[in-house]
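Heads up, model_20.pdb below (PDB, C-alpha atoms):
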ATOM      1  CA  MET A  81      -0.616  -9.768  16.557
ATOM      2  CA  THR A  82      -1.529  -7.009  18.998
ATOM      3  CA  THR A  83      -4.661  -4.843  19.083
ATOM      4  CA  TYR A  84      -4.375  -1.329  20.471
ATOM      5  CA  ALA A  85      -7.365   0.890  21.315
ATOM      6  CA  ILE A  86      -6.510   4.582  20.926
ATOM      7  CA  GLY A  87      -8.292   7.522  22.520
ATOM      8  CA  ASP A  88      -9.657  10.693  20.915
ATOM      9  CA  LEU A  89      -7.281  12.143  18.301
ATOM     10  CA  GLN A  90      -9.112  15.403  17.505
ATOM     11  CA  GLY A  91      -6.818  16.244  14.629
ATOM     12  CA  CYS A  92      -3.520  15.714  16.491
ATOM     13  CA  TYR A  93      -1.554  14.052  13.697
ATOM     14  CA  ASP A  94       1.901  14.602  15.188
ATOM     15  CA  VAL A  95       0.780  13.095  18.492
ATOM     16  CA  LEU A  96      -0.709  10.035  16.771
ATOM     17  CA  ALA A  97       2.465   9.509  14.755
ATOM     18  CA  ARG A  98       4.478   9.718  17.969
ATOM     19  CA  LEU A  99       2.211   7.146  19.650
ATOM     20  CA  LEU A 100       2.421   4.696  16.740
ATOM     21  CA  ASP A 101       6.197   4.972  16.890
ATOM     22  CA  HIS A 102       6.125   4.518  20.670
ATOM     23  CA  ILE A 103       4.143   1.262  20.497
ATOM     24  CA  LYS A 104       6.185   0.097  17.497
ATOM     25  CA  PHE A 105       2.999  -0.423  15.518
ATOM     26  CA  ASP A 106       3.486  -3.046  12.808
ATOM     27  CA  PRO A 107       0.814  -2.726  10.102
ATOM     28  CA  SER A 108       1.622  -6.193   8.842
ATOM     29  CA  GLN A 109       0.577  -7.750  12.153
ATOM     30  CA  ASP A 110      -1.064  -5.299  14.559
ATOM     31  CA  HIS A 111      -4.567  -3.829  14.588
ATOM     32  CA  LEU A 112      -5.816  -0.429  15.791
ATOM     33  CA  TRP A 113      -9.142   0.523  17.352
ATOM     34  CA  PHE A 114      -9.957   4.231  17.225
ATOM     35  CA  CYS A 115     -12.529   5.484  19.757
ATOM     36  CA  GLY A 116     -13.851   8.304  17.591
ATOM     37  CA  ASP A 117     -13.387  12.066  17.298
ATOM     38  CA  LEU A 118     -10.651  11.700  14.724
ATOM     39  CA  VAL A 119     -11.065  15.345  13.736
ATOM     40  CA  ASN A 120     -11.387  18.952  14.925
ATOM     41  CA  ARG A 121      -9.497  21.289  17.236
ATOM     42  CA  GLY A 122      -5.989  19.859  16.777
ATOM     43  CA  GLY A 123      -5.158  21.726  13.574
ATOM     44  CA  GLN A 124      -4.137  18.598  11.657
ATOM     45  CA  SER A 125      -7.477  16.955  10.938
ATOM     46  CA  LEU A 126      -6.707  16.412   7.251
ATOM     47  CA  GLU A 127      -3.399  14.718   7.993
ATOM     48  CA  THR A 128      -4.980  12.653  10.758
ATOM     49  CA  LEU A 129      -7.815  11.447   8.528
ATOM     50  CA  LYS A 130      -5.396  10.593   5.733
ATOM     51  CA  LEU A 131      -3.222   8.572   8.100
ATOM     52  CA  VAL A 132      -6.116   6.617   9.640
ATOM     53  CA  HIS A 133      -7.595   6.107   6.160
ATOM     54  CA  SER A 134      -4.257   4.731   4.951
ATOM     55  CA  LEU A 135      -4.390   2.219   7.819
ATOM     56  CA  ARG A 136      -8.014   1.242   7.149
ATOM     57  CA  GLU A 137      -7.172  -2.397   6.445
ATOM     58  CA  ARG A 138      -5.650  -2.640   9.918
ATOM     59  CA  SER A 139      -8.097  -0.429  11.806
ATOM     60  CA  THR A 140     -11.570  -0.366  13.331
ATOM     61  CA  VAL A 141     -13.147   3.067  13.825
ATOM     62  CA  VAL A 142     -16.250   4.179  15.705
ATOM     63  CA  LEU A 143     -17.661   7.618  14.993
ATOM     64  CA  GLY A 144     -17.585  10.406  17.568
ATOM     65  CA  ASN A 145     -19.627  13.591  17.793
ATOM     66  CA  HIS A 146     -17.010  15.603  15.901
ATOM     67  CA  ASP A 147     -16.869  13.007  13.132
ATOM     68  CA  MET A 148     -20.661  13.073  12.848
ATOM     69  CA  SER A 149     -20.559  16.873  12.649
ATOM     70  CA  LEU A 150     -18.044  16.685   9.815
ATOM     71  CA  LEU A 151     -20.348  14.316   7.929
ATOM     72  CA  ALA A 152     -23.253  16.703   8.480
ATOM     73  CA  ILE A 153     -21.296  19.761   7.356
ATOM     74  CA  ALA A 154     -20.145  17.894   4.237
ATOM     75  CA  GLN A 155     -23.797  17.687   3.155
ATOM     76  CA  ARG A 156     -24.287  21.476   3.247
ATOM     77  CA  SER A 157     -23.811  24.024   0.492
ATOM     78  CA  GLU A 158     -20.305  25.077  -0.460
ATOM     79  CA  ALA A 159     -21.007  28.534   0.960
ATOM     80  CA  ASP A 160     -21.877  27.045   4.354
ATOM     81  CA  GLN A 161     -18.854  24.749   4.265
ATOM     82  CA  ASN A 162     -16.651  27.775   3.709
ATOM     83  CA  LYS A 163     -17.754  29.147   7.102
ATOM     84  CA  VAL A 164     -16.349  26.311   9.216
ATOM     85  CA  ASN A 165     -13.155  26.543  11.244
ATOM     86  CA  PRO A 166      -9.847  26.297   9.331
ATOM     87  CA  ASP A 167      -9.116  22.763  10.552
ATOM     88  CA  LEU A 168     -12.299  21.267   9.081
ATOM     89  CA  HIS A 169     -12.161  23.622   6.085
ATOM     90  CA  ARG A 170      -8.933  21.953   4.986
ATOM     91  CA  VAL A 171     -10.676  18.557   5.023
ATOM     92  CA  LEU A 172     -13.771  19.760   3.163
ATOM     93  CA  PHE A 173     -11.789  21.419   0.362
ATOM     94  CA  ALA A 174      -8.947  18.920   0.057
ATOM     95  CA  PRO A 175      -8.429  16.984  -3.177
ATOM     96  CA  GLU A 176      -9.002  13.805  -1.149
ATOM     97  CA  ARG A 177     -12.240  15.119   0.352
ATOM     98  CA  ASP A 178     -14.650  12.711  -1.369
ATOM     99  CA  ALA A 179     -12.563   9.647  -0.570
ATOM    100  CA  LEU A 180     -12.126  10.645   3.076
ATOM    101  CA  ILE A 181     -15.740  11.695   3.689
ATOM    102  CA  GLY A 182     -17.018   8.623   1.850
ATOM    103  CA  TRP A 183     -14.828   6.359   3.948
ATOM    104  CA  LEU A 184     -15.796   8.110   7.196
ATOM    105  CA  SER A 185     -19.492   7.643   6.427
ATOM    106  CA  GLN A 186     -18.908   3.886   6.245
ATOM    107  CA  GLN A 187     -17.564   3.623   9.803
ATOM    108  CA  LYS A 188     -19.359   2.194  12.822
ATOM    109  CA  LEU A 189     -21.072   3.658  15.862
ATOM    110  CA  PHE A 190     -20.518   0.581  17.998
ATOM    111  CA  HIS A 191     -18.140  -2.343  17.651
ATOM    112  CA  VAL A 192     -18.193  -5.726  19.376
ATOM    113  CA  ASP A 193     -15.444  -8.338  19.072
ATOM    114  CA  ARG A 194     -16.467 -11.350  21.093
ATOM    115  CA  LYS A 195     -13.359 -13.306  20.129
ATOM    116  CA  LEU A 196     -11.083 -10.577  21.436
ATOM    117  CA  GLY A 197     -13.473  -9.986  24.321
ATOM    118  CA  PHE A 198     -14.059  -6.230  24.060
ATOM    119  CA  ALA A 199     -16.583  -3.734  22.702
ATOM    120  CA  MET A 200     -15.956  -0.108  21.711
ATOM    121  CA  VAL A 201     -18.079   3.053  21.596
ATOM    122  CA  HIS A 202     -17.201   6.726  21.463
ATOM    123  CA  ALA A 203     -19.329   8.002  24.354
ATOM    124  CA  GLY A 204     -21.677   5.511  26.021
ATOM    125  CA  LEU A 205     -24.673   3.206  26.013
ATOM    126  CA  SER A 206     -28.193   3.724  27.254
ATOM    127  CA  PRO A 207     -28.548   2.050  30.693
ATOM    128  CA  LYS A 208     -31.091  -0.545  29.575
ATOM    129  CA  TRP A 209     -29.269  -1.553  26.393
ATOM    130  CA  THR A 210     -27.536  -4.912  26.240
ATOM    131  CA  LEU A 211     -24.675  -5.233  23.784
ATOM    132  CA  ASP A 212     -26.998  -6.885  21.269
ATOM    133  CA  MET A 213     -29.522  -4.073  21.616
ATOM    134  CA  ALA A 214     -26.803  -1.467  21.210
ATOM    135  CA  SER A 215     -25.497  -3.237  18.109
ATOM    136  CA  ALA A 216     -28.960  -3.227  16.563
ATOM    137  CA  ARG A 217     -29.454   0.497  17.243
ATOM    138  CA  ALA A 218     -26.009   1.279  15.823
ATOM    139  CA  ARG A 219     -26.780  -0.651  12.637
ATOM    140  CA  GLU A 220     -29.904   1.478  12.147
ATOM    141  CA  VAL A 221     -27.854   4.667  12.019
ATOM    142  CA  GLU A 222     -25.031   3.131   9.999
ATOM    143  CA  LYS A 223     -27.511   1.961   7.378
ATOM    144  CA  ILE A 224     -28.894   5.499   7.062
ATOM    145  CA  LEU A 225     -25.418   7.055   6.791
ATOM    146  CA  GLN A 226     -24.698   4.740   3.870
ATOM    147  CA  SER A 227     -27.971   5.518   2.072
ATOM    148  CA  ASP A 228     -29.507   8.350   0.059
ATOM    149  CA  GLN A 229     -31.326   9.372   3.261
ATOM    150  CA  ALA A 230     -28.114  10.488   4.966
ATOM    151  CA  ALA A 231     -28.378  14.192   4.123
ATOM    152  CA  ARG A 232     -31.927  14.531   5.466
ATOM    153  CA  HIS A 233     -31.125  12.801   8.741
ATOM    154  CA  LEU A 234     -27.796  14.564   9.265
ATOM    155  CA  LYS A 235     -29.469  17.942   8.747
ATOM    156  CA  ALA A 236     -31.862  17.089  11.598
ATOM    157  CA  MET A 237     -29.188  15.528  13.819
ATOM    158  CA  TYR A 238     -28.515  18.489  16.117
ATOM    159  CA  GLY A 239     -30.484  18.899  19.340
ATOM    160  CA  ASN A 240     -30.897  17.425  22.811
ATOM    161  CA  GLN A 241     -34.404  16.083  22.345
ATOM    162  CA  PRO A 242     -36.119  13.691  22.331
ATOM    163  CA  ASN A 243     -34.993  11.326  25.048
ATOM    164  CA  TRP A 244     -34.553   7.776  23.832
ATOM    165  CA  SER A 245     -37.647   5.613  23.515
ATOM    166  CA  PRO A 246     -38.059   2.453  21.424
ATOM    167  CA  LYS A 247     -41.233   4.047  20.048
ATOM    168  CA  LEU A 248     -39.317   6.826  18.280
ATOM    169  CA  ASN A 249     -39.050   6.835  14.524
ATOM    170  CA  GLY A 250     -37.622   8.920  11.686
ATOM    171  CA  THR A 251     -35.148  11.701  12.367
ATOM    172  CA  ASP A 252     -36.097  11.807  16.075
ATOM    173  CA  ARG A 253     -34.986   8.203  16.446
ATOM    174  CA  PHE A 254     -31.795   8.893  14.480
ATOM    175  CA  ARG A 255     -30.956  11.910  16.680
ATOM    176  CA  ALA A 256     -31.635  10.088  19.954
ATOM    177  CA  ILE A 257     -29.446   7.129  18.991
ATOM    178  CA  VAL A 258     -26.600   9.343  17.760
ATOM    179  CA  ASN A 259     -26.715  11.390  20.981
ATOM    180  CA  ILE A 260     -26.336   8.266  23.099
ATOM    181  CA  PHE A 261     -23.428   6.803  21.165
ATOM    182  CA  THR A 262     -21.528  10.057  20.613
ATOM    183  CA  ARG A 263     -22.469  12.570  23.360
ATOM    184  CA  MET A 264     -23.374  10.705  26.545
ATOM    185  CA  ARG A 265     -21.438  11.156  29.771
ATOM    186  CA  TYR A 266     -24.057  11.362  32.502
ATOM    187  CA  CYS A 267     -27.623  10.122  32.437
ATOM    188  CA  THR A 268     -30.522   9.197  34.680
ATOM    189  CA  PRO A 269     -31.438   5.545  35.321
ATOM    190  CA  ASN A 270     -34.137   5.820  32.629
ATOM    191  CA  GLY A 271     -31.575   7.078  30.120
ATOM    192  CA  ARG A 272     -32.150  10.846  30.008
ATOM    193  CA  ILE A 273     -28.817  12.403  29.105
ATOM    194  CA  GLY A 274     -27.391  15.250  31.171
ATOM    195  CA  PHE A 275     -25.914  17.152  28.238
ATOM    196  CA  GLU A 276     -24.654  20.023  30.388
ATOM    197  CA  GLU A 277     -22.809  17.720  32.792
ATOM    198  CA  LYS A 278     -19.215  17.439  31.583
ATOM    199  CA  GLY A 279     -17.006  17.452  34.685
ATOM    200  CA  LYS A 280     -15.546  14.689  36.798
ATOM    201  CA  PRO A 281     -17.879  12.388  38.738
ATOM    202  CA  GLY A 282     -19.082  14.207  41.814
ATOM    203  CA  THR A 283     -19.627  17.489  40.000
ATOM    204  CA  GLN A 284     -22.925  16.487  38.355
ATOM    205  CA  GLN A 285     -26.415  17.499  39.445
ATOM    206  CA  PRO A 286     -28.385  15.085  41.680
ATOM    207  CA  GLY A 287     -30.124  12.321  39.772
ATOM    208  CA  PHE A 288     -27.439  11.965  37.120
ATOM    209  CA  TYR A 289     -24.854   9.169  37.100
ATOM    210  CA  PRO A 290     -21.901   8.278  34.895
ATOM    211  CA  TRP A 291     -23.529   6.283  32.097
ATOM    212  CA  PHE A 292     -21.618   3.135  33.062
ATOM    213  CA  SER A 293     -22.712   3.156  36.722
ATOM    214  CA  THR A 294     -26.412   4.020  36.619
ATOM    215  CA  PRO A 295     -28.459   1.982  39.110
ATOM    216  CA  GLY A 296     -30.103  -1.015  37.476
ATOM    217  CA  HIS A 297     -28.192  -0.831  34.198
ATOM    218  CA  ALA A 298     -28.323  -3.830  31.883
ATOM    219  CA  GLU A 299     -25.651  -6.476  32.253
ATOM    220  CA  ARG A 300     -22.741  -5.925  29.909
ATOM    221  CA  GLU A 301     -21.175  -9.214  28.873
ATOM    222  CA  LEU A 302     -17.907  -7.642  27.691
ATOM    223  CA  PRO A 303     -15.700  -4.785  28.850
ATOM    224  CA  ILE A 304     -16.223  -1.600  26.841
ATOM    225  CA  VAL A 305     -13.536   0.769  25.579
ATOM    226  CA  CYS A 306     -14.695   4.372  25.169
ATOM    227  CA  GLY A 307     -13.487   7.947  24.746
ATOM    228  CA  HIS A 308     -15.224  11.355  24.673
ATOM    229  CA  TRP A 309     -14.811  12.230  28.361
ATOM    230  CA  SER A 310     -11.454  13.951  28.770
ATOM    231  CA  THR A 311     -12.310  15.384  32.199
ATOM    232  CA  LEU A 312     -12.837  11.826  33.444
ATOM    233  CA  GLY A 313      -9.325  10.968  32.335
ATOM    234  CA  LEU A 314      -8.002   7.442  32.259
ATOM    235  CA  PHE A 315     -10.583   5.261  33.985
ATOM    236  CA  MET A 316     -10.464   1.493  34.280
ATOM    237  CA  GLY A 317     -13.177  -0.096  36.364
ATOM    238  CA  LEU A 318     -16.734  -1.414  36.340
ATOM    239  CA  GLY A 319     -15.982  -3.122  33.035
ATOM    240  CA  ILE A 320     -15.150   0.213  31.397
ATOM    241  CA  TYR A 321     -11.889   1.403  29.884
ATOM    242  CA  ALA A 322     -12.188   5.155  29.262
ATOM    243  CA  ILE A 323      -9.117   6.324  27.366
ATOM    244  CA  ASP A 324      -9.718   9.928  26.284
ATOM    245  CA  THR A 325      -6.850  11.514  28.177
ATOM    246  CA  GLY A 326      -7.066  14.935  26.560
ATOM    247  CA  ALA A 327      -4.302  14.896  23.958
ATOM    248  CA  VAL A 328      -5.695  18.003  22.259
ATOM    249  CA  TRP A 329      -5.889  19.821  25.609
ATOM    250  CA  GLY A 330      -2.235  19.226  26.455
ATOM    251  CA  GLY A 331      -2.792  15.905  28.225
ATOM    252  CA  THR A 332      -1.682  12.600  26.758
ATOM    253  CA  LEU A 333      -2.715  10.291  23.934
ATOM    254  CA  THR A 334      -3.420   6.811  25.246
ATOM    255  CA  ALA A 335      -3.235   3.402  23.622
ATOM    256  CA  LEU A 336      -4.694   0.468  25.544
ATOM    257  CA  GLU A 337      -3.114  -2.813  24.528
ATOM    258  CA  LEU A 338      -6.018  -5.246  24.469
ATOM    259  CA  GLY A 339      -5.663  -8.863  25.450
ATOM    260  CA  PRO A 340      -5.117 -11.031  28.507
ATOM    261  CA  ALA A 341      -2.447  -8.660  29.817
ATOM    262  CA  LEU A 342      -3.776  -5.114  29.496
ATOM    263  CA  ARG A 343      -1.095  -2.475  29.122
ATOM    264  CA  ILE A 344      -1.315   1.297  28.928
ATOM    265  CA  HIS A 345       0.919   3.231  26.533
ATOM    266  CA  GLN A 346       0.944   7.035  26.515
ATOM    267  CA  VAL A 347       2.735   9.913  24.820
ATOM    268  CA  PRO A 348       2.463  13.655  25.517
ATOM    269  CA  GLY A 349      -0.328  15.462  23.713
ATOM    270  CA  ARG A 350      -0.290  18.921  22.157
ATOM    271  CA  SER A 351       2.282  21.153  23.779
ATOM    272  CA  ASP A 352       0.017  24.134  23.105
ATOM    273  CA  GLY A 353      -3.096  22.479  24.534
ATOM    274  CA  PHE A 354      -5.850  25.006  25.193
ATOM    275  CA  SER A 355      -8.778  25.300  27.577
ATOM    276  CA  LYS A 356     -12.193  25.574  25.992
ATOM    277  CA  ASN A 357     -15.544  23.872  26.395
ATOM    278  CA  ARG A 358     -14.824  20.177  26.115
ATOM    279  CA  ASP A 359     -17.415  18.414  23.994
TER     280      ASP A 359
END
Could the structure of this file be written out as structure tokens, please?
Amino acid sequence: MTTYAIGDLQGCYDVLARLLDHIKFDPSQDHLWFCGDLVNRGGQSLETLKLVHSLRERSTVVLGNHDMSLLAIAQRSEADQNKVNPDLHRVLFAPERDALIGWLSQQKLFHVDRKLGFAMVHAGLSPKWTLDMASARAREVEKILQSDQAARHLKAMYGNQPNWSPKLNGTDRFRAIVNIFTRMRYCTPNGRIGFEEKGKPGTQQPGFYPWFSTPGHAERELPIVCGHWSTLGLFMGLGIYAIDTGAVWGGTLTALELGPALRIHQVPGRSDGFSKNRD
């Protein structure tokens, strides 16, 4: 049995199908980890969700910022849902909508597999969080997403404030935790996120560091697989395996074969990749 971690899909169904063929994925034996952002921008979000959903018995998924946005939009009025881009519109008005949205709301924000020896998150962890602390914070949000409180919290999800503090509660706490797991790239040593910093390391403002290399960060007992940061590209170091290689932007889609012998597998991304604000 082989476990493959796969970078951000962003609605690139054809590219995912090509990658699964390339790695000779065997659903009777192999397992897939998806690093989040299954949907948006690629034009095939419905097909992508349906494929990952069909593989749910052989997959582990963590939610990305685009997935969280889809869950939030799904809670709005039909009139508001009609205003979204065509890619997400197809998901929201598909016959399978309820099954797909319901399944997506059951997915994780953070995953730890101590037997395999890896953890997975979409974006990052707060510098002072151990893996156990991160797991506890993720469970808080996951519990809300699976409750009758989901709509209220998702409505209040958007925004860059407040900064994380263990004293937060309610929707502020929900928003701060979601921002860390799904939007973080750079932060200060005390965990303040640099939301406007999206380029390669070295382009950020003074005082901000890549989340995985902030001075004095908590010890991480396991290597962490993550996505979200396409301008970083493939990065393997400091106990981090960043595998968002910009498939939707015309880069590649990456699968990291997890285990004692790490192997990288890649296929070309969208041939019509476009340049817009990457978030």
If you count only C-alpha atoms, which residues fall within 7 Å of Tyr84 in chain A, apart from same-chain ones fewer than 3 positions away, as a list in words?
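Counting only the stated atoms, we get His111, Leu112, Trp113, Ala335, Leu336, Glu337 and Leu338 of chain A.
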For Pro303 in chain A, find every residue with an atom within 8 Å (counting all atoms listed in the file), except residues of its own chain fewer than 2 positions away, and show them as a PyMOL selection string.
chain A and resi 197-199+300-301+305+319-321
So that I can check the surroundings of Asp324 in chain A, please list as a PyMOL selection string every protein, DNA and RNA residue that reaches within 9 Å of it, counting only C-alpha atoms and ignoring chain neighbours fewer than 2 positions away.
chain A and resi 86-89+115+306-314+322+326-327+332-334
Written as a ChimeraX atom specification, what is the full residue list that the PyMOL selection byres ((chain A and resi 210-221) around 7) yields on the file shown?
/A:189-190,208-209,222-225,254,257,298-300
Kindly extract all protein, DNA and RNA residues lying within 10 Å of the coordinates (-18.0, 16.7, 14.3) given in the file, considering all atoms listed in the file, and supply them as an mmCIF file with C-alpha atoms, in the coordinates of the input.
data_model
loop_
_atom_site.group_PDB
_atom_site.id
_atom_site.type_symbol
_atom_site.label_atom_id
_atom_site.label_comp_id
_atom_site.auth_asym_id
_atom_site.auth_seq_id
_atom_site.Cartn_x
_atom_site.Cartn_y
_atom_site.Cartn_z
ATOM 1 C CA GLN A 90 -9.112 15.403 17.505
ATOM 2 C CA GLY A 116 -13.851 8.304 17.591
ATOM 3 C CA ASP A 117 -13.387 12.066 17.298
ATOM 4 C CA LEU A 118 -10.651 11.700 14.724
ATOM 5 C CA VAL A 119 -11.065 15.345 13.736
ATOM 6 C CA ASN A 120 -11.387 18.952 14.925
ATOM 7 C CA LEU A 143 -17.661 7.618 14.993
ATOM 8 C CA GLY A 144 -17.585 10.406 17.568
ATOM 9 C CA ASN A 145 -19.627 13.591 17.793
ATOM 10 C CA HIS A 146 -17.010 15.603 15.901
ATOM 11 C CA ASP A 147 -16.869 13.007 13.132
ATOM 12 C CA MET A 148 -20.661 13.073 12.848
ATOM 13 C CA SER A 149 -20.559 16.873 12.649
ATOM 14 C CA LEU A 150 -18.044 16.685 9.815
ATOM 15 C CA LEU A 151 -20.348 14.316 7.929
ATOM 16 C CA ALA A 152 -23.253 16.703 8.480
ATOM 17 C CA ILE A 153 -21.296 19.761 7.356
ATOM 18 C CA LEU A 168 -12.299 21.267 9.081
ATOM 19 C CA THR A 262 -21.528 10.057 20.613
ATOM 20 C CA ASP A 359 -17.415 18.414 23.994
#
Specify as a PDB file with C-alpha atoms, keeping the file's coordinate frame each residue included when the PyMOL selection byres ((chain A and resi 296) around 12) is applied to this file.
ATOM      1  CA  SER A 206     -28.193   3.724  27.254  1.00  0.00           C
ATOM      2  CA  PRO A 207     -28.548   2.050  30.693  1.00  0.00           C
ATOM      3  CA  LYS A 208     -31.091  -0.545  29.575  1.00  0.00           C
ATOM      4  CA  TRP A 209     -29.269  -1.553  26.393  1.00  0.00           C
ATOM      5  CA  THR A 268     -30.522   9.197  34.680  1.00  0.00           C
ATOM      6  CA  PRO A 269     -31.438   5.545  35.321  1.00  0.00           C
ATOM      7  CA  ASN A 270     -34.137   5.820  32.629  1.00  0.00           C
ATOM      8  CA  GLY A 271     -31.575   7.078  30.120  1.00  0.00           C
ATOM      9  CA  TYR A 289     -24.854   9.169  37.100  1.00  0.00           C
ATOM     10  CA  TRP A 291     -23.529   6.283  32.097  1.00  0.00           C
ATOM     11  CA  PHE A 292     -21.618   3.135  33.062  1.00  0.00           C
ATOM     12  CA  SER A 293     -22.712   3.156  36.722  1.00  0.00           C
ATOM     13  CA  THR A 294     -26.412   4.020  36.619  1.00  0.00           C
ATOM     14  CA  PRO A 295     -28.459   1.982  39.110  1.00  0.00           C
ATOM     15  CA  HIS A 297     -28.192  -0.831  34.198  1.00  0.00           C
ATOM     16  CA  ALA A 298     -28.323  -3.830  31.883  1.00  0.00           C
ATOM     17  CA  GLU A 299     -25.651  -6.476  32.253  1.00  0.00           C
ATOM     18  CA  ARG A 300     -22.741  -5.925  29.909  1.00  0.00           C
TER      19      ARG A 300
END
Quick one, how far is CA of Pro107 in chain A from CA of Met81 in chain A?
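Pair CA of Pro107 in chain A / CA of Met81 in chain A returns 9.7 Å.
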So how many Å separate CA of Phe114 in chain A and CA of Ser185 in chain A, to one decimal?
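Separation between CA of Phe114 in chain A and CA of Ser185 in chain A: 14.8 Å.
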Could you put an axis-aligned box around every listed atom of range 227-236 of chain A, padded by 5 Å on each side, and send me its centre and edge lengths in Å to one decimal, as JSON?
{"center_x": -29.9, "center_y": 11.7, "center_z": 5.8, "size_x": 14.1, "size_y": 22.4, "size_z": 21.5}
Just checking: using only C-alpha atoms, which residue out of A:Glu158, A:Asp352, A:Glu127, A:Asp228 ends up closest to Val328 in chain A?
A:Asp352
